[in-house]
Every structure is written in C-alpha cells, then in structure tokens.
Amino acid sequence: MKKAILSTKVGMTQIFSEDGALVPVTVLQAGPCVVTQIKTVENDGYSAVQVGYVDRKDKIINKDANGKREIRYRHGANKAEKGHFEKAGVTSKKYVREFKLENAEDYKLADEIKVDIFAAGDKIDVTAITKGKGFQGAIKRHGQHRGPMTHGSKFHRHQGSNGACSSPSRVFKGKGMPGQMGHVKATVQNLEVVRVDAENNLLLVKGAVPGPKKSLVTIRESVKAAK
C-alpha cells in the first residue's frame, strides 16, 4: 500500500461525466492529515506511519462568582496524548490511525498528507462504521420471510423454528435471530475516484460509502487494483 488518508463523510450527490452520463457519488472531506509518529523496524519491529486527523479541543475551565471551578471537556486530550502530539510538533488530533505504507521512510514528523495523493480514476477501498439500526427482528435483520397474514394465523413476523427439540437439542451457532443491527465495521472494495478537489480537500467517489454523515472514513489504495 502506497496511499492512504482519513476523511469525513459529507453526503451523496450526483454529477455528469464528460460523456453526459449521470454518476452517483459520495463526497468525502479527505484530510489534510499530519504525521504524528513513524514506526521503524529497528524500534517497533515493523514499518508504518501514524497520522492524525481533525483538531481536538482542550479542556475548558470556567469560574463562577464564588470562584468555584467548572471543568468541561470537548474532545480534550489527556496529558500523555498531549505529550505525544507535542513531540511530533503538531496540535492534538481527534482521530489517530496507522498505515503500513511501503514508503514509510520517506515521511517525516508533522508532514501533511493531502487529498492530492489520489487522482481521478484511482481505485480505493473505504472502511467505516455502518449506520446503527438498534434492536431489530429477524425479518429486517436477515431478510427472513413472514408468516401468513390471514385465516386466523397468529404467526406474522416471528423468526420461525430455531431447531429440533430432541436432536440435536440445541440451536446451531450462526442462526439468524433478532438482535443488534448495524454499527459494525464495513469495507467496500474497488471503488472508483471520480473527481478530486484539491483546493477544498474533497474526494468524489462513485457509489455508496458505509456510515452516516460526519462519520470517519478510512481510504486506502485498493488491494485488488494493486494486483
């Protein structure tokens, strides 16, 4: 992997290609990211680059008329995190991720990684946390069929039989049942970069990207395209 960056999902829209075709795209606010640490084989046993994204706000201390202190935190960094970022010479960051880049030795502390590392036509893999749907039944969660809705049936949206009672006398692992739906890490591979707006740090990707708006999205060079 040679290219990677952190981004925030802005939303979806549509644009027209040069041949007049309508293309649905997801808009990503990609970078700029800063290098906060460089992992080397000598010190860490492997080569990688740690990057930070989005400035964090430190703690806010207010005093009332009686002199009583009120401390409020808004994405504040603790003492260890502040020391880590100060050592790199950058401000405290909200998101920190690590990428095993092939050219990790070419980076230096506080270097900026911007969206212009990608170009139109590049293939990328995107990773994000999907939208959480809460507790859902088996029909919505797994697409199972419902029961009959007429003739006195009292079996409508139940999940159906869980298994035989005498043999094997248990429910097999992986049985589709009601439960928490969504809010899991998902990766979509081999998406195409349609347009790059280096001035506004925007990346337009063809198709849908996991996660809600304002969520963190990790962009990497496509593994399948590299092969």
# chains A, B, ... in the order shown; residues from 1 in each chain; ligands from 1
>>> select_by_dssp(residues="stretch 89-193 of chain A", states="alpha helix (DSSP H)", output="PyMOL selection string")
chain A and resi 138-142
>>> write_last_selection(atoms="all heavy atoms", output="PDB file, in the first residue's frame")
ATOM      1  N   ALA A 138     -35.889 -10.601  13.032  1.00  0.00           N
ATOM      2  CA  ALA A 138     -35.202 -11.435  12.046  1.00  0.00           C
ATOM      3  C   ALA A 138     -35.592 -11.067  10.617  1.00  0.00           C
ATOM      4  O   ALA A 138     -34.810 -11.267   9.687  1.00  0.00           O
ATOM      5  CB  ALA A 138     -35.510 -12.906  12.302  1.00  0.00           C
ATOM      6  N   ILE A 139     -36.804 -10.532  10.417  1.00  0.00           N
ATOM      7  CA  ILE A 139     -37.239 -10.180   9.064  1.00  0.00           C
ATOM      8  C   ILE A 139     -36.418  -9.012   8.531  1.00  0.00           C
ATOM      9  O   ILE A 139     -35.895  -9.052   7.411  1.00  0.00           O
ATOM     10  CB  ILE A 139     -38.746  -9.856   9.055  1.00  0.00           C
ATOM     11  CG1 ILE A 139     -39.552 -11.117   9.343  1.00  0.00           C
ATOM     12  CG2 ILE A 139     -39.152  -9.247   7.716  1.00  0.00           C
ATOM     13  CD1 ILE A 139     -41.048 -10.890   9.386  1.00  0.00           C
ATOM     14  N   LYS A 140     -36.275  -7.967   9.329  1.00  0.00           N
ATOM     15  CA  LYS A 140     -35.498  -6.806   8.870  1.00  0.00           C
ATOM     16  C   LYS A 140     -34.003  -7.089   8.930  1.00  0.00           C
ATOM     17  O   LYS A 140     -33.252  -6.675   8.048  1.00  0.00           O
ATOM     18  CB  LYS A 140     -35.834  -5.581   9.717  1.00  0.00           C
ATOM     19  CG  LYS A 140     -35.076  -4.334   9.302  1.00  0.00           C
ATOM     20  CD  LYS A 140     -35.561  -3.106  10.026  1.00  0.00           C
ATOM     21  CE  LYS A 140     -34.799  -1.867   9.560  1.00  0.00           C
ATOM     22  NZ  LYS A 140     -35.290  -0.630  10.209  1.00  0.00           N
ATOM     23  N   ARG A 141     -33.566  -7.802   9.959  1.00  0.00           N
ATOM     24  CA  ARG A 141     -32.129  -8.005  10.162  1.00  0.00           C
ATOM     25  C   ARG A 141     -31.538  -8.990   9.159  1.00  0.00           C
ATOM     26  O   ARG A 141     -30.420  -8.791   8.667  1.00  0.00           O
ATOM     27  CB  ARG A 141     -31.890  -8.504  11.594  1.00  0.00           C
ATOM     28  CG  ARG A 141     -30.427  -8.496  12.007  1.00  0.00           C
ATOM     29  CD  ARG A 141     -30.272  -9.042  13.406  1.00  0.00           C
ATOM     30  NE  ARG A 141     -28.902  -8.916  13.878  1.00  0.00           N
ATOM     31  CZ  ARG A 141     -28.371  -9.685  14.823  1.00  0.00           C
ATOM     32  NH1 ARG A 141     -29.095 -10.636  15.389  1.00  0.00           N
ATOM     33  NH2 ARG A 141     -27.123  -9.514  15.201  1.00  0.00           N
ATOM     34  N   HIS A 142     -32.284 -10.084   8.848  1.00  0.00           N
ATOM     35  CA  HIS A 142     -31.748 -11.132   7.993  1.00  0.00           C
ATOM     36  C   HIS A 142     -32.549 -11.351   6.718  1.00  0.00           C
ATOM     37  O   HIS A 142     -32.198 -12.226   5.924  1.00  0.00           O
ATOM     38  CB  HIS A 142     -31.665 -12.456   8.764  1.00  0.00           C
ATOM     39  CG  HIS A 142     -30.806 -12.386   9.988  1.00  0.00           C
ATOM     40  ND1 HIS A 142     -29.436 -12.233   9.939  1.00  0.00           N
ATOM     41  CD2 HIS A 142     -31.132 -12.424  11.311  1.00  0.00           C
ATOM     42  CE1 HIS A 142     -28.949 -12.197  11.165  1.00  0.00           C
ATOM     43  NE2 HIS A 142     -29.949 -12.308  12.015  1.00  0.00           N
TER      44      HIS A 142
END
>>> residues_around(residues="A:Gln29", least_positions_apart="4", cutoff="7 Å", atoms="only C-alpha atoms", output="list in words")
Ser7, Thr8, Lys9, Val10, Asn201, Leu202 and Leu203 of chain A
>>> residues_around(residues="stretch 222-224 of chain A", least_positions_apart="4", cutoff="6 Å", atoms="only C-alpha atoms", output="PDB file with N, CA, C and O atoms, in the first residue's frame")
ATOM      1  N   LYS A 123      -8.469   3.469  -7.956  1.00  0.00           N
ATOM      2  CA  LYS A 123      -9.319   2.506  -7.268  1.00  0.00           C
ATOM      3  C   LYS A 123      -8.950   2.496  -5.787  1.00  0.00           C
ATOM      4  O   LYS A 123      -7.768   2.433  -5.427  1.00  0.00           O
ATOM      5  N   ILE A 124      -9.966   2.576  -4.918  1.00  0.00           N
ATOM      6  CA  ILE A 124      -9.719   2.680  -3.480  1.00  0.00           C
ATOM      7  C   ILE A 124     -10.610   1.701  -2.716  1.00  0.00           C
ATOM      8  O   ILE A 124     -11.623   1.222  -3.233  1.00  0.00           O
ATOM      9  N   ASP A 125     -10.194   1.420  -1.471  1.00  0.00           N
ATOM     10  CA  ASP A 125     -11.004   0.675  -0.512  1.00  0.00           C
ATOM     11  C   ASP A 125     -11.380   1.620   0.622  1.00  0.00           C
ATOM     12  O   ASP A 125     -10.505   2.329   1.147  1.00  0.00           O
ATOM     13  N   ASN A 190     -12.614  -1.582  -4.077  1.00  0.00           N
ATOM     14  CA  ASN A 190     -12.523  -1.288  -5.506  1.00  0.00           C
ATOM     15  C   ASN A 190     -13.497  -0.213  -5.977  1.00  0.00           C
ATOM     16  O   ASN A 190     -14.069  -0.308  -7.061  1.00  0.00           O
TER      17      ASN A 190
END
>>> residues_around(residues="A:Val23", least_positions_apart="4", cutoff="10 Å", atoms="only C-alpha atoms", output="mmCIF file with N, CA, C and O atoms, in the first residue's frame")
data_model
loop_
_atom_site.group_PDB
_atom_site.id
_atom_site.type_symbol
_atom_site.label_atom_id
_atom_site.label_comp_id
_atom_site.auth_asym_id
_atom_site.auth_seq_id
_atom_site.Cartn_x
_atom_site.Cartn_y
_atom_site.Cartn_z
ATOM 1 N N THR A 13 -24.372 12.913 -3.719
ATOM 2 C CA THR A 13 -24.919 13.780 -4.751
ATOM 3 C C THR A 13 -24.726 13.075 -6.095
ATOM 4 O O THR A 13 -24.404 11.885 -6.133
ATOM 5 N N GLN A 14 -24.921 13.805 -7.163
ATOM 6 C CA GLN A 14 -24.718 13.225 -8.492
ATOM 7 C C GLN A 14 -24.084 14.268 -9.401
ATOM 8 O O GLN A 14 -24.346 15.460 -9.275
ATOM 9 N N ILE A 15 -23.234 13.795 -10.289
ATOM 10 C CA ILE A 15 -22.559 14.663 -11.239
ATOM 11 C C ILE A 15 -22.665 14.053 -12.630
ATOM 12 O O ILE A 15 -23.033 12.886 -12.778
ATOM 13 N N PHE A 16 -22.326 14.854 -13.627
ATOM 14 C CA PHE A 16 -22.329 14.385 -15.004
ATOM 15 C C PHE A 16 -20.888 14.166 -15.459
ATOM 16 O O PHE A 16 -20.027 15.019 -15.244
ATOM 17 N N SER A 17 -20.659 13.039 -16.098
ATOM 18 C CA SER A 17 -19.342 12.752 -16.640
ATOM 19 C C SER A 17 -19.153 13.492 -17.958
ATOM 20 O O SER A 17 -20.074 14.158 -18.465
ATOM 21 N N VAL A 194 -13.907 9.551 -8.805
ATOM 22 C CA VAL A 194 -14.429 10.246 -9.980
ATOM 23 C C VAL A 194 -13.780 11.615 -10.147
ATOM 24 O O VAL A 194 -13.433 12.023 -11.260
ATOM 25 N N VAL A 205 -16.327 9.961 -4.823
ATOM 26 C CA VAL A 205 -16.180 8.526 -5.053
ATOM 27 C C VAL A 205 -17.469 7.993 -5.667
ATOM 28 O O VAL A 205 -18.575 8.287 -5.192
ATOM 29 N N LYS A 206 -17.348 7.190 -6.697
ATOM 30 C CA LYS A 206 -18.516 6.626 -7.372
ATOM 31 C C LYS A 206 -19.189 5.581 -6.481
ATOM 32 O O LYS A 206 -18.540 4.670 -5.971
ATOM 33 N N GLY A 207 -20.501 5.742 -6.280
ATOM 34 C CA GLY A 207 -21.245 4.777 -5.489
ATOM 35 C C GLY A 207 -21.381 5.182 -4.031
ATOM 36 O O GLY A 207 -21.081 6.312 -3.639
#
>>> closest_residue(among="A:Glu221, A:Glu81, A:Glu199, A:Glu105", to="A:Thr127", atoms="only C-alpha atoms")
A:Glu221
>>> atom_distance(atom1="atom CA of A:Val209", atom2="atom CA of A:Thr26")
6.6 Å
>>> atom_distance(atom1="atom CA of A:Leu109", atom2="atom CA of A:Asn78")
20.6 Å
>>> closest_residue(among="A:Val96, A:Leu28, A:Ala104, A:Leu22", to="A:Gly211", atoms="only C-alpha atoms")
A:Leu28
>>> decode(residues="stretch 178-219 of chain A", atoms="C-alpha atoms", output="PDB file, in the first residue's frame")
ATOM      1  CA  PRO A 178     -33.300 -10.856  16.391  1.00  0.00           C
ATOM      2  CA  GLY A 179     -30.620  -8.595  17.801  1.00  0.00           C
ATOM      3  CA  GLN A 180     -28.458  -5.533  17.293  1.00  0.00           C
ATOM      4  CA  MET A 181     -28.365  -4.463  13.648  1.00  0.00           C
ATOM      5  CA  GLY A 182     -25.707  -2.244  12.112  1.00  0.00           C
ATOM      6  CA  HIS A 183     -22.937  -0.245  13.826  1.00  0.00           C
ATOM      7  CA  VAL A 184     -20.224  -2.628  12.628  1.00  0.00           C
ATOM      8  CA  LYS A 185     -17.031  -2.047  10.686  1.00  0.00           C
ATOM      9  CA  ALA A 186     -17.557  -2.479   6.956  1.00  0.00           C
ATOM     10  CA  THR A 187     -15.194  -2.216   3.988  1.00  0.00           C
ATOM     11  CA  VAL A 188     -16.221  -1.599   0.388  1.00  0.00           C
ATOM     12  CA  GLN A 189     -13.502  -2.523  -2.090  1.00  0.00           C
ATOM     13  CA  ASN A 190     -12.523  -1.288  -5.506  1.00  0.00           C
ATOM     14  CA  LEU A 191     -14.473   1.973  -5.617  1.00  0.00           C
ATOM     15  CA  GLU A 192     -13.514   4.500  -8.276  1.00  0.00           C
ATOM     16  CA  VAL A 193     -12.408   8.065  -7.622  1.00  0.00           C
ATOM     17  CA  VAL A 194     -14.429  10.246  -9.980  1.00  0.00           C
ATOM     18  CA  ARG A 195     -13.067  13.688  -9.116  1.00  0.00           C
ATOM     19  CA  VAL A 196     -10.501  15.278  -6.789  1.00  0.00           C
ATOM     20  CA  ASP A 197     -10.931  18.848  -5.498  1.00  0.00           C
ATOM     21  CA  ALA A 198      -7.519  19.614  -4.009  1.00  0.00           C
ATOM     22  CA  GLU A 199      -8.464  23.209  -3.168  1.00  0.00           C
ATOM     23  CA  ASN A 200     -11.336  22.168  -0.873  1.00  0.00           C
ATOM     24  CA  ASN A 201      -9.893  18.769   0.150  1.00  0.00           C
ATOM     25  CA  LEU A 202     -12.833  16.904  -1.384  1.00  0.00           C
ATOM     26  CA  LEU A 203     -12.876  13.438  -2.888  1.00  0.00           C
ATOM     27  CA  LEU A 204     -15.803  12.304  -5.044  1.00  0.00           C
ATOM     28  CA  VAL A 205     -16.180   8.526  -5.053  1.00  0.00           C
ATOM     29  CA  LYS A 206     -18.516   6.626  -7.372  1.00  0.00           C
ATOM     30  CA  GLY A 207     -21.245   4.777  -5.489  1.00  0.00           C
ATOM     31  CA  ALA A 208     -22.116   4.489  -1.808  1.00  0.00           C
ATOM     32  CA  VAL A 209     -19.789   4.549   1.195  1.00  0.00           C
ATOM     33  CA  PRO A 210     -20.687   2.966   4.588  1.00  0.00           C
ATOM     34  CA  GLY A 211     -21.614   5.091   7.579  1.00  0.00           C
ATOM     35  CA  PRO A 212     -23.760   8.144   8.348  1.00  0.00           C
ATOM     36  CA  LYS A 213     -22.861  11.739   7.563  1.00  0.00           C
ATOM     37  CA  LYS A 214     -19.933  13.246   9.531  1.00  0.00           C
ATOM     38  CA  SER A 215     -18.569   9.757  10.265  1.00  0.00           C
ATOM     39  CA  LEU A 216     -14.905   8.831   9.947  1.00  0.00           C
ATOM     40  CA  VAL A 217     -13.970   7.044   6.715  1.00  0.00           C
ATOM     41  CA  THR A 218     -10.582   5.430   6.101  1.00  0.00           C
ATOM     42  CA  ILE A 219      -9.426   5.487   2.473  1.00  0.00           C
TER      43      ILE A 219
END
